[in-house]
file protein.cif (mmCIF, C-alpha atoms)
data_final
loop_
_atom_site.group_PDB
_atom_site.id
_atom_site.type_symbol
_atom_site.label_atom_id
_atom_site.label_comp_id
_atom_site.auth_asym_id
_atom_site.auth_seq_id
_atom_site.Cartn_x
_atom_site.Cartn_y
_atom_site.Cartn_z
ATOM 1 C CA ARG P 26 -111.880 144.878 14.865
ATOM 2 C CA ARG P 27 -108.881 143.005 13.535
ATOM 3 C CA VAL P 28 -106.929 143.835 16.691
ATOM 4 C CA THR P 29 -109.804 142.605 18.871
ATOM 5 C CA VAL P 30 -110.047 139.344 16.924
ATOM 6 C CA GLY P 31 -106.293 138.904 17.258
ATOM 7 C CA GLU P 32 -106.444 139.433 21.028
ATOM 8 C CA MET P 33 -109.193 136.832 21.334
ATOM 9 C CA MET P 34 -107.198 134.300 19.322
ATOM 10 C CA LEU P 35 -104.060 134.880 21.410
ATOM 11 C CA ASP P 36 -105.849 133.916 24.616
ATOM 12 C CA ARG P 37 -104.860 130.266 24.999
ATOM 13 C CA LEU P 38 -107.562 129.698 27.614
ATOM 14 C CA SER P 39 -110.288 130.714 25.178
ATOM 15 C CA LYS P 40 -112.057 127.859 23.417
ATOM 16 C CA PHE P 41 -115.099 129.644 22.009
ATOM 17 C CA CYS P 42 -115.402 133.104 20.452
ATOM 18 C CA MET P 43 -118.548 134.992 19.473
ATOM 19 C CA MET P 44 -118.159 137.815 16.961
ATOM 20 C CA GLU P 45 -120.664 140.163 15.373
ATOM 21 C CA ASN P 46 -120.178 141.993 12.062
ATOM 22 C CA ILE P 47 -116.386 141.854 12.322
ATOM 23 C CA THR P 48 -115.967 142.733 8.623
ATOM 24 C CA ASP P 49 -117.922 146.006 8.713
ATOM 25 C CA GLY P 50 -115.852 148.862 7.280
ATOM 26 C CA LEU P 51 -113.205 146.547 5.801
ATOM 27 C CA SER P 52 -112.409 146.057 2.141
ATOM 28 C CA SER P 53 -113.284 142.750 0.476
ATOM 29 C CA ASN P 54 -109.635 141.633 0.535
ATOM 30 C CA ASP P 55 -109.218 142.517 4.205
ATOM 31 C CA SER P 56 -112.530 140.835 5.058
ATOM 32 C CA ASN P 57 -111.556 137.608 3.281
ATOM 33 C CA LYS P 58 -108.135 137.596 4.931
ATOM 34 C CA LEU P 59 -109.659 138.206 8.375
ATOM 35 C CA ILE P 60 -112.090 135.299 7.989
ATOM 36 C CA GLN P 61 -109.346 133.041 6.634
ATOM 37 C CA ASP P 62 -106.998 133.902 9.515
ATOM 38 C CA LEU P 63 -109.851 133.292 11.962
ATOM 39 C CA ALA P 64 -110.584 129.881 10.422
ATOM 40 C CA ASP P 65 -106.898 128.903 10.414
ATOM 41 C CA GLY P 66 -106.467 130.032 14.025
ATOM 42 C CA CYS P 67 -109.496 128.048 15.195
ATOM 43 C CA ARG P 68 -108.276 124.859 13.519
ATOM 44 C CA LYS P 69 -104.737 125.309 14.796
ATOM 45 C CA ASN P 70 -105.698 126.072 18.411
ATOM 46 C CA GLY P 71 -108.700 123.753 18.695
ATOM 47 C CA MET P 72 -111.143 126.642 19.078
ATOM 48 C CA SER P 73 -114.656 127.345 17.814
ATOM 49 C CA ALA P 74 -116.007 130.659 16.562
ATOM 50 C CA PHE P 75 -119.581 131.828 16.075
ATOM 51 C CA VAL P 76 -119.567 134.713 13.587
ATOM 52 C CA SER P 77 -122.542 136.863 12.586
ATOM 53 C CA LEU P 78 -122.202 138.504 9.153
ATOM 54 C CA LEU P 79 -124.504 140.557 6.945
ATOM 55 C CA GLN P 80 -124.585 139.479 3.278
ATOM 56 C CA PRO P 81 -121.081 137.976 3.092
ATOM 57 C CA SER P 82 -119.559 137.050 -0.237
ATOM 58 C CA ASP P 83 -119.459 133.424 -1.397
ATOM 59 C CA GLU P 84 -115.702 133.383 -0.876
ATOM 60 C CA MET P 85 -116.205 134.256 2.793
ATOM 61 C CA VAL P 86 -119.113 131.843 3.301
ATOM 62 C CA GLU P 87 -117.149 128.897 1.924
ATOM 63 C CA LYS P 88 -114.475 129.384 4.604
ATOM 64 C CA PHE P 89 -116.923 128.333 7.334
ATOM 65 C CA ASP P 90 -117.526 124.733 8.386
ATOM 66 C CA LYS P 91 -121.200 125.294 9.213
ATOM 67 C CA LEU P 92 -123.830 127.811 8.222
ATOM 68 C CA LEU P 93 -126.720 128.913 10.470
ATOM 69 C CA ILE P 94 -129.558 130.828 8.839
ATOM 70 C CA LEU P 95 -132.321 132.387 10.911
ATOM 71 C CA SER P 96 -135.784 133.516 9.924
ATOM 72 C CA SER P 97 -137.006 137.077 10.338
ATOM 73 C CA GLY P 98 -138.402 136.013 13.704
ATOM 74 C CA GLY P 99 -135.136 134.465 14.890
ATOM 75 C CA ASP P 100 -136.092 130.815 14.303
ATOM 76 C CA MET P 101 -133.675 128.384 12.682
ATOM 77 C CA LEU P 102 -134.260 127.849 8.972
ATOM 78 C CA TYR P 103 -131.049 125.967 8.221
ATOM 79 C CA PHE P 104 -127.998 124.607 9.985
ATOM 80 C CA GLY P 105 -125.492 122.596 8.022
ATOM 81 C CA SER P 106 -122.652 122.704 5.550
ATOM 82 C CA CYS P 107 -122.074 125.541 3.069
ATOM 83 C CA ASP P 108 -123.025 123.344 0.114
ATOM 84 C CA ARG P 109 -124.639 125.481 -2.567
ATOM 85 C CA ASP P 110 -126.528 122.572 -4.133
ATOM 86 C CA LEU P 111 -127.949 121.661 -0.725
ATOM 87 C CA LEU P 112 -128.924 125.282 -0.092
ATOM 88 C CA ARG P 113 -130.615 125.435 -3.503
ATOM 89 C CA SER P 114 -132.674 122.358 -2.724
ATOM 90 C CA ILE P 115 -133.915 123.944 0.518
ATOM 91 C CA PHE P 116 -134.242 127.640 -0.259
ATOM 92 C CA LEU P 117 -135.494 127.427 -3.836
ATOM 93 C CA SER P 118 -139.090 126.584 -4.442
ATOM 94 C CA PRO P 119 -139.740 123.715 -6.910
ATOM 95 C CA ASP P 120 -141.822 126.232 -8.848
ATOM 96 C CA ASN P 121 -138.799 128.524 -9.220
ATOM 97 C CA PRO P 122 -135.721 126.333 -9.870
ATOM 98 C CA ASP P 123 -133.911 129.158 -11.696
ATOM 99 C CA GLY P 124 -134.103 131.644 -8.840
ATOM 100 C CA ASP P 125 -130.442 131.260 -7.887
ATOM 101 C CA LYS P 126 -128.783 134.027 -9.895
ATOM 102 C CA GLY P 127 -126.660 135.715 -7.266
ATOM 103 C CA SER P 128 -124.562 134.932 -4.229
ATOM 104 C CA ILE P 129 -125.412 132.490 -1.453
ATOM 105 C CA ALA P 130 -126.495 135.463 0.661
ATOM 106 C CA ASP P 131 -128.919 136.554 -2.079
ATOM 107 C CA LEU P 132 -130.236 133.002 -2.287
ATOM 108 C CA VAL P 133 -131.059 132.667 1.411
ATOM 109 C CA LEU P 134 -132.352 136.245 1.759
ATOM 110 C CA GLN P 135 -135.187 135.603 -0.658
ATOM 111 C CA ALA P 136 -137.236 134.240 2.236
ATOM 112 C CA SER P 137 -137.148 137.608 3.985
ATOM 113 C CA LEU P 138 -138.879 139.250 1.019
ATOM 114 C CA ASP P 139 -142.064 137.296 1.682
ATOM 115 C CA LYS P 140 -143.934 139.223 4.371
ATOM 116 C CA THR P 141 -146.633 136.528 4.716
ATOM 117 C CA GLY P 142 -144.179 133.973 6.129
ATOM 118 C CA GLU P 143 -145.321 131.267 3.705
ATOM 119 C CA MET P 144 -141.888 131.018 2.073
ATOM 120 C CA GLU P 145 -140.157 130.678 5.437
ATOM 121 C CA ASN P 146 -142.571 127.925 6.447
ATOM 122 C CA ALA P 147 -141.913 126.090 3.199
ATOM 123 C CA ILE P 148 -138.131 126.425 3.652
ATOM 124 C CA ARG P 149 -138.383 125.178 7.240
ATOM 125 C CA GLN P 150 -140.415 122.173 6.094
ATOM 126 C CA ARG P 151 -137.938 121.295 3.318
ATOM 127 C CA PHE P 152 -135.065 121.531 5.792
ATOM 128 C CA GLU P 153 -136.819 119.307 8.339
ATOM 129 C CA GLU P 154 -137.330 116.714 5.596
ATOM 130 C CA SER P 155 -133.690 116.851 4.463
ATOM 131 C CA SER P 156 -130.839 114.509 5.423
ATOM 132 C CA THR P 157 -129.032 117.476 6.994
ATOM 133 C CA ALA P 158 -131.809 117.902 9.558
ATOM 134 C CA ALA P 159 -131.698 114.179 10.265
ATOM 135 C CA GLN P 160 -127.941 114.396 10.930
ATOM 136 C CA LEU P 161 -128.509 117.360 13.235
ATOM 137 C CA THR P 162 -131.198 115.487 15.146
ATOM 138 C CA ALA P 163 -128.893 112.482 15.494
ATOM 139 C CA ALA P 164 -126.085 114.687 16.819
ATOM 140 C CA ILE P 165 -128.406 116.248 19.412
ATOM 141 C CA SER P 166 -129.640 112.797 20.435
ATOM 142 C CA LYS P 167 -126.042 111.676 20.904
ATOM 143 C CA LEU P 168 -125.382 114.663 23.165
ATOM 144 C CA ARG P 169 -128.405 113.764 25.245
ATOM 145 C CA ARG P 170 -127.261 110.159 25.590
ATOM 146 C CA THR P 171 -123.686 111.028 26.531
ATOM 147 C CA SER P 172 -124.558 113.854 28.938
ATOM 148 C CA ALA P 173 -125.189 113.306 32.631
ATOM 149 C CA LYS P 174 -128.483 111.723 33.600
ATOM 150 C CA GLY P 175 -131.291 114.246 33.808
ATOM 151 C CA MET P 176 -129.285 116.882 31.913
ATOM 152 C CA GLY P 177 -130.601 118.296 28.647
ATOM 153 C CA VAL P 178 -128.637 119.838 25.796
ATOM 154 C CA GLU P 179 -129.489 123.289 27.109
ATOM 155 C CA ASP P 180 -127.812 122.313 30.407
ATOM 156 C CA LEU P 181 -124.464 121.465 28.813
ATOM 157 C CA LEU P 182 -123.448 125.123 28.916
ATOM 158 C CA PRO P 183 -122.690 126.596 32.352
ATOM 159 C CA HIS P 184 -125.406 128.788 33.828
ATOM 160 C CA ASP P 185 -123.187 130.267 36.526
ATOM 161 C CA TYR P 186 -122.160 133.160 34.318
ATOM 162 C CA PRO P 187 -125.540 134.879 34.076
ATOM 163 C CA ASN P 188 -126.892 133.690 37.442
ATOM 164 C CA SER P 189 -124.109 133.574 40.031
ATOM 165 C CA PHE P 190 -122.935 136.912 41.394
ATOM 166 C CA GLY P 191 -119.662 135.373 42.563
ATOM 167 C CA TYR P 192 -118.846 133.993 39.125
ATOM 168 C CA ARG P 193 -119.754 137.277 37.417
ATOM 169 C CA PHE P 194 -117.556 139.154 39.866
ATOM 170 C CA LYS P 195 -114.670 136.719 39.260
ATOM 171 C CA VAL P 196 -114.879 137.069 35.469
ATOM 172 C CA ILE P 197 -115.141 140.868 35.508
ATOM 173 C CA SER P 198 -112.338 141.205 38.055
ATOM 174 C CA GLU P 199 -110.001 139.020 35.992
ATOM 175 C CA ARG P 200 -110.779 141.124 32.933
ATOM 176 C CA ARG P 201 -110.166 144.341 34.876
ATOM 177 C CA MET P 202 -106.833 143.069 36.201
ATOM 178 C CA LYS P 203 -105.714 142.196 32.669
ATOM 179 C CA LEU P 204 -106.680 145.672 31.432
ATOM 180 C CA ILE P 205 -104.871 147.319 34.351
ATOM 181 C CA GLY P 206 -101.731 145.256 33.706
ATOM 182 C CA ARG P 207 -101.727 146.081 29.985
ATOM 183 C CA ASN P 208 -102.326 149.795 30.495
ATOM 184 C CA ALA P 209 -99.100 151.805 30.451
ATOM 185 C CA VAL P 210 -100.773 154.457 32.617
ATOM 186 C CA THR P 211 -100.756 151.958 35.499
ATOM 187 C CA TRP P 212 -96.980 152.129 35.795
ATOM 188 C CA THR P 213 -97.006 155.844 35.059
ATOM 189 C CA ARG P 214 -99.191 156.364 38.148
ATOM 190 C CA ILE P 215 -96.534 154.733 40.324
ATOM 191 C CA VAL P 216 -93.788 156.951 38.897
ATOM 192 C CA ILE P 217 -95.951 160.053 39.313
ATOM 193 C CA ALA P 218 -96.652 159.106 42.944
ATOM 194 C CA LEU P 219 -92.916 158.933 43.622
ATOM 195 C CA LEU P 220 -92.310 162.281 41.908
ATOM 196 C CA PHE P 221 -95.122 163.961 43.836
ATOM 197 C CA GLY P 222 -93.651 162.515 47.030
ATOM 198 C CA LEU P 223 -90.361 164.249 46.256
ATOM 199 C CA VAL P 224 -92.109 167.525 45.437
ATOM 200 C CA ILE P 225 -94.269 167.499 48.560
ATOM 201 C CA GLY P 226 -91.315 166.477 50.728
ATOM 202 C CA SER P 227 -89.240 169.380 49.429
ATOM 203 C CA LEU P 228 -92.116 171.827 50.033
ATOM 204 C CA PHE P 229 -92.785 170.794 53.647
ATOM 205 C CA ALA P 230 -89.251 169.779 54.667
ATOM 206 C CA GLY P 231 -87.893 171.453 57.788
ATOM 207 C CA THR P 232 -91.323 172.188 59.278
ATOM 208 C CA PRO P 233 -90.812 173.432 62.883
ATOM 209 C CA ASN P 234 -92.437 171.689 65.842
ATOM 210 C CA ASN P 235 -94.684 174.577 66.893
ATOM 211 C CA LEU P 236 -98.189 175.843 66.142
ATOM 212 C CA VAL P 237 -97.237 177.034 62.670
ATOM 213 C CA GLY P 238 -95.579 173.699 61.988
ATOM 214 C CA ALA P 239 -98.679 171.829 63.173
ATOM 215 C CA LEU P 240 -100.839 173.819 60.744
ATOM 216 C CA SER P 241 -98.292 173.154 58.007
ATOM 217 C CA LYS P 242 -98.398 169.421 58.700
ATOM 218 C CA ASN P 243 -102.182 169.519 58.543
ATOM 219 C CA GLY P 244 -101.817 171.041 55.077
ATOM 220 C CA TYR P 245 -99.345 168.285 54.171
ATOM 221 C CA ILE P 246 -101.840 165.569 55.159
ATOM 222 C CA PHE P 247 -104.636 167.271 53.199
ATOM 223 C CA LEU P 248 -102.423 167.675 50.120
ATOM 224 C CA HIS P 249 -101.285 164.051 50.431
ATOM 225 C CA CYS P 250 -104.892 162.780 50.424
ATOM 226 C CA PHE P 251 -105.880 165.142 47.611
ATOM 227 C CA ILE P 252 -103.067 163.984 45.323
ATOM 228 C CA VAL P 253 -103.832 160.303 45.949
ATOM 229 C CA LEU P 254 -107.482 160.955 45.122
ATOM 230 C CA MET P 255 -106.648 162.877 41.960
ATOM 231 C CA LEU P 256 -104.170 160.273 40.739
ATOM 232 C CA SER P 257 -106.790 157.561 41.126
ATOM 233 C CA ALA P 258 -109.605 159.608 39.580
ATOM 234 C CA ALA P 259 -107.452 160.760 36.648
ATOM 235 C CA VAL P 260 -107.158 157.145 35.469
ATOM 236 C CA THR P 261 -110.368 155.542 36.730
ATOM 237 C CA LEU P 262 -112.854 158.116 35.427
ATOM 238 C CA PRO P 263 -111.619 158.199 31.778
ATOM 239 C CA SER P 264 -111.524 154.400 31.838
ATOM 240 C CA CYS P 265 -115.134 154.283 33.015
ATOM 241 C CA PHE P 266 -116.250 156.547 30.187
ATOM 242 C CA ARG P 267 -114.290 154.525 27.607
ATOM 243 C CA GLU P 268 -115.810 151.242 28.786
ATOM 244 C CA ARG P 269 -119.334 152.602 29.180
ATOM 245 C CA THR P 270 -120.413 151.336 25.744
ATOM 246 C CA THR P 271 -118.987 147.886 26.501
ATOM 247 C CA LEU P 272 -120.768 147.839 29.863
ATOM 248 C CA PHE P 273 -124.127 148.747 28.303
ATOM 249 C CA LYS P 274 -123.714 146.093 25.600
ATOM 250 C CA HIS P 275 -122.732 143.368 28.082
ATOM 251 C CA ARG P 276 -125.522 144.363 30.462
ATOM 252 C CA SER P 277 -128.150 144.298 27.704
ATOM 253 C CA ALA P 278 -126.928 140.805 26.771
ATOM 254 C CA GLU P 279 -127.274 139.828 30.468
ATOM 255 C CA PHE P 280 -123.598 138.914 30.795
ATOM 256 C CA TYR P 281 -123.525 140.719 34.144
ATOM 257 C CA ASP P 282 -125.266 143.535 35.980
ATOM 258 C CA SER P 283 -124.117 147.010 36.976
ATOM 259 C CA THR P 284 -123.652 146.072 40.643
ATOM 260 C CA SER P 285 -121.074 143.341 40.021
ATOM 261 C CA SER P 286 -119.271 145.571 37.525
ATOM 262 C CA TYR P 287 -119.171 148.530 39.946
ATOM 263 C CA ILE P 288 -117.931 146.472 42.906
ATOM 264 C CA SER P 289 -115.299 144.831 40.702
ATOM 265 C CA LEU P 290 -114.131 148.260 39.525
ATOM 266 C CA LEU P 291 -113.751 149.499 43.104
ATOM 267 C CA LEU P 292 -111.926 146.453 44.427
ATOM 268 C CA THR P 293 -109.545 146.026 41.487
ATOM 269 C CA ASP P 294 -108.518 149.684 41.530
ATOM 270 C CA ALA P 295 -108.172 149.834 45.334
ATOM 271 C CA PRO P 296 -104.798 147.982 45.568
ATOM 272 C CA LEU P 297 -103.185 150.379 43.102
ATOM 273 C CA SER P 298 -104.583 153.401 44.927
ATOM 274 C CA ILE P 299 -103.288 152.032 48.249
ATOM 275 C CA LEU P 300 -99.869 151.411 46.683
ATOM 276 C CA GLU P 301 -99.795 155.009 45.422
ATOM 277 C CA ALA P 302 -100.605 156.321 48.889
ATOM 278 C CA ILE P 303 -97.890 154.162 50.502
ATOM 279 C CA LEU P 304 -95.206 155.216 47.992
ATOM 280 C CA LEU P 305 -96.174 158.870 48.304
ATOM 281 C CA ALA P 306 -96.008 158.633 52.102
ATOM 282 C CA LEU P 307 -92.736 156.688 52.213
ATOM 283 C CA VAL P 308 -90.961 159.346 50.162
ATOM 284 C CA SER P 309 -92.247 162.400 52.025
ATOM 285 C CA TYR P 310 -93.581 161.344 55.471
ATOM 286 C CA PHE P 311 -90.337 161.195 57.454
ATOM 287 C CA TRP P 312 -88.771 163.922 55.303
ATOM 288 C CA VAL P 313 -91.439 166.351 56.487
ATOM 289 C CA GLY P 314 -90.825 165.345 60.088
ATOM 290 C CA MET P 315 -93.976 163.332 60.685
ATOM 291 C CA ARG P 316 -93.564 160.565 63.268
ATOM 292 C CA GLY P 317 -95.735 157.747 64.518
ATOM 293 C CA GLY P 318 -97.923 158.282 67.577
ATOM 294 C CA ALA P 319 -100.431 161.001 68.401
ATOM 295 C CA GLY P 320 -98.174 162.544 71.052
ATOM 296 C CA HIS P 321 -95.405 163.273 68.527
ATOM 297 C CA PHE P 322 -97.723 165.324 66.335
#
call {"tool": "encode", "arguments": {"input": "protein.cif", "output": "structure tokens"}}
result
Amino acid sequence: RRVTVGEMMLDRLSKFCMMENITDGLSSNDSNKLIQDLADGCRKNGMSAFVSLLQPSDEMVEKFDKLLILSSGGDMLYFGSCDRDLLRSIFLSPDNPDGDKGSIADLVLQASLDKTGEMENAIRQRFEESSTAAQLTAAISKLRRTSAKGMGVEDLLPHDYPNSFGYRFKVISERRMKLIGRNAVTWTRIVIALLFGLVIGSLFAGTPNNLVGALSKNGYIFLHCFIVLMLSAAVTLPSCFRERTTLFKHRSAEFYDSTSSYISLLLTDAPLSILEAILLALVSYFWVGMRGGAGHF
């Protein structure tokens, strides 16, 4: 997780990051350091991060600029600063002013213990009556005034990503090209293609121009195609299995569909497969005695 967060922060084109449970499995010290590094990186690079955490410590919560708390049904109960006094005034009932005896997470989770929903409704009402809600409403109104005419706040984010096949294909292809460039196996495939070209050339070198030689050259062409196919499959198939979980997660979140992902996979891997075939042929084709033109065969 820390490596993934670091990769996201190193992308200078990225301006917004969404992260879920990035502290799971980490010690308290490592979790605090990760959140602090994330906060420092966002402020330094002018980025924003939306982080989902389960029962974080107060030390972690206080590192965030804003806090969003959802109800059990996914509705917003609170959005504002991480001010404990403000949270007490909203999440504590006037009948129970001494209910804050734990962390901030324990304070806000009390609403989930009420299965009737009455506590959540009371918290929502207190928030709507607070100055924090008024500031939020004013900020949304300002966005509406400054946005293009006829455009709502929900329209400020681009909708091309989930709706346009071309945009989905572009995004997935760029991601695939980055993964291919970073993968050391990519360059290993090129070296292996050259080595196989030398091996095949030495095996079929000196083939005579007769019936036996024609059969031998048929075997050379078959072996050439088989090796190119195996080199491509040996890298593509394991990669597909490794990224299957990511694909299912992105598809369930409607980032893209299977069709755009599959076509992107084919087209981004095709240039490397073609390059392998060309290198393999350049090393062995003329060595074996193959020449252009059907009459020379």
call {"tool": "resolve_selection", "arguments": {"input": "protein.cif", "expression": "the PyMOL selection byres ((chain P and resi 59) around 10)", "output": "ChimeraX atom specification"}}
result
/P:26-27,30-31,47-48,51,53-58,60-65,85
call {"tool": "closest_residue", "arguments": {"input": "protein.cif", "among": "P:Glu45, P:Glu84, P:Glu153, P:Glu145", "to": "Phe104 of chain P", "atoms": "only C-alpha atoms"}}
result
P:Glu153
call {"tool": "closest_residue", "arguments": {"input": "protein.cif", "among": "P:Ser118, P:Ala306, P:Gly206, P:Arg201", "to": "Glu268 of chain P", "atoms": "all atoms listed in the file"}}
result
P:Arg201
call {"tool": "residues_around", "arguments": {"input": "protein.cif", "residues": "segment 251-255 of chain P", "least_positions_apart": "5", "cutoff": "8 Å", "atoms": "only C-alpha atoms", "output": "list in words"}}
result
Ala218, Ser298, Glu301 and Ala302 of chain P
call {"tool": "closest_residue", "arguments": {"input": "protein.cif", "among": "P:Val133, P:Leu228, P:Ile215, P:Leu290", "to": "Ile115 of chain P", "atoms": "all atoms listed in the file"}}
result
P:Val133
call {"tool": "closest_residue", "arguments": {"input": "protein.cif", "among": "P:Leu102, P:Ser73, P:Trp312, P:Leu291", "to": "Asn146 of chain P", "atoms": "all atoms listed in the file"}}
result
P:Leu102
call {"tool": "residues_around", "arguments": {"input": "protein.cif", "residues": "Ile225 of chain P", "least_positions_apart": "6", "cutoff": "9 Å", "atoms": "only C-alpha atoms", "output": "list in words"}}
result
Tyr245, Leu248, His249, Leu305, Val308, Ser309 and Val313 of chain P
call {"tool": "closest_residue", "arguments": {"input": "protein.cif", "among": "P:Gly99, P:Gly231, P:Pro296, P:Pro119", "to": "Met315 of chain P", "atoms": "all atoms listed in the file"}}
result
P:Gly231
call {"tool": "atom_distance", "arguments": {"input": "protein.cif", "atom1": "atom CA of Ser285 of chain P", "atom2": "atom CA of Thr270 of chain P"}}
result
16.4 Å
call {"tool": "atom_distance", "arguments": {"input": "protein.cif", "atom1": "atom CA of Glu143 of chain P", "atom2": "atom CA of Gly105 of chain P"}}
result
22.1 Å
call {"tool": "residues_around", "arguments": {"input": "protein.cif", "residues": "Lys242 of chain P", "least_positions_apart": "3", "cutoff": "9 Å", "atoms": "only C-alpha atoms", "output": "list in words"}}
result
Phe229, Thr232, Val237, Gly238, Ala239, Tyr245, Ile246, Phe247, Val313, Gly314, Met315 and Phe322 of chain P
call {"tool": "atom_distance", "arguments": {"input": "protein.cif", "atom1": "atom CA of Pro263 of chain P", "atom2": "atom CA of Val216 of chain P"}}
result
19.2 Å
call {"tool": "resolve_selection", "arguments": {"input": "protein.cif", "expression": "the PyMOL selection byres ((chain P and resi 129) around 12)", "output": "number ranges by chain"}}
result
P: 79-87, 92, 94, 107-113, 116-117, 124-128, 130-135
call {"tool": "closest_residue", "arguments": {"input": "protein.cif", "among": "P:Arg214, P:Arg276, P:Arg68, P:Arg269", "to": "Leu297 of chain P", "atoms": "only C-alpha atoms"}}
result
P:Arg214
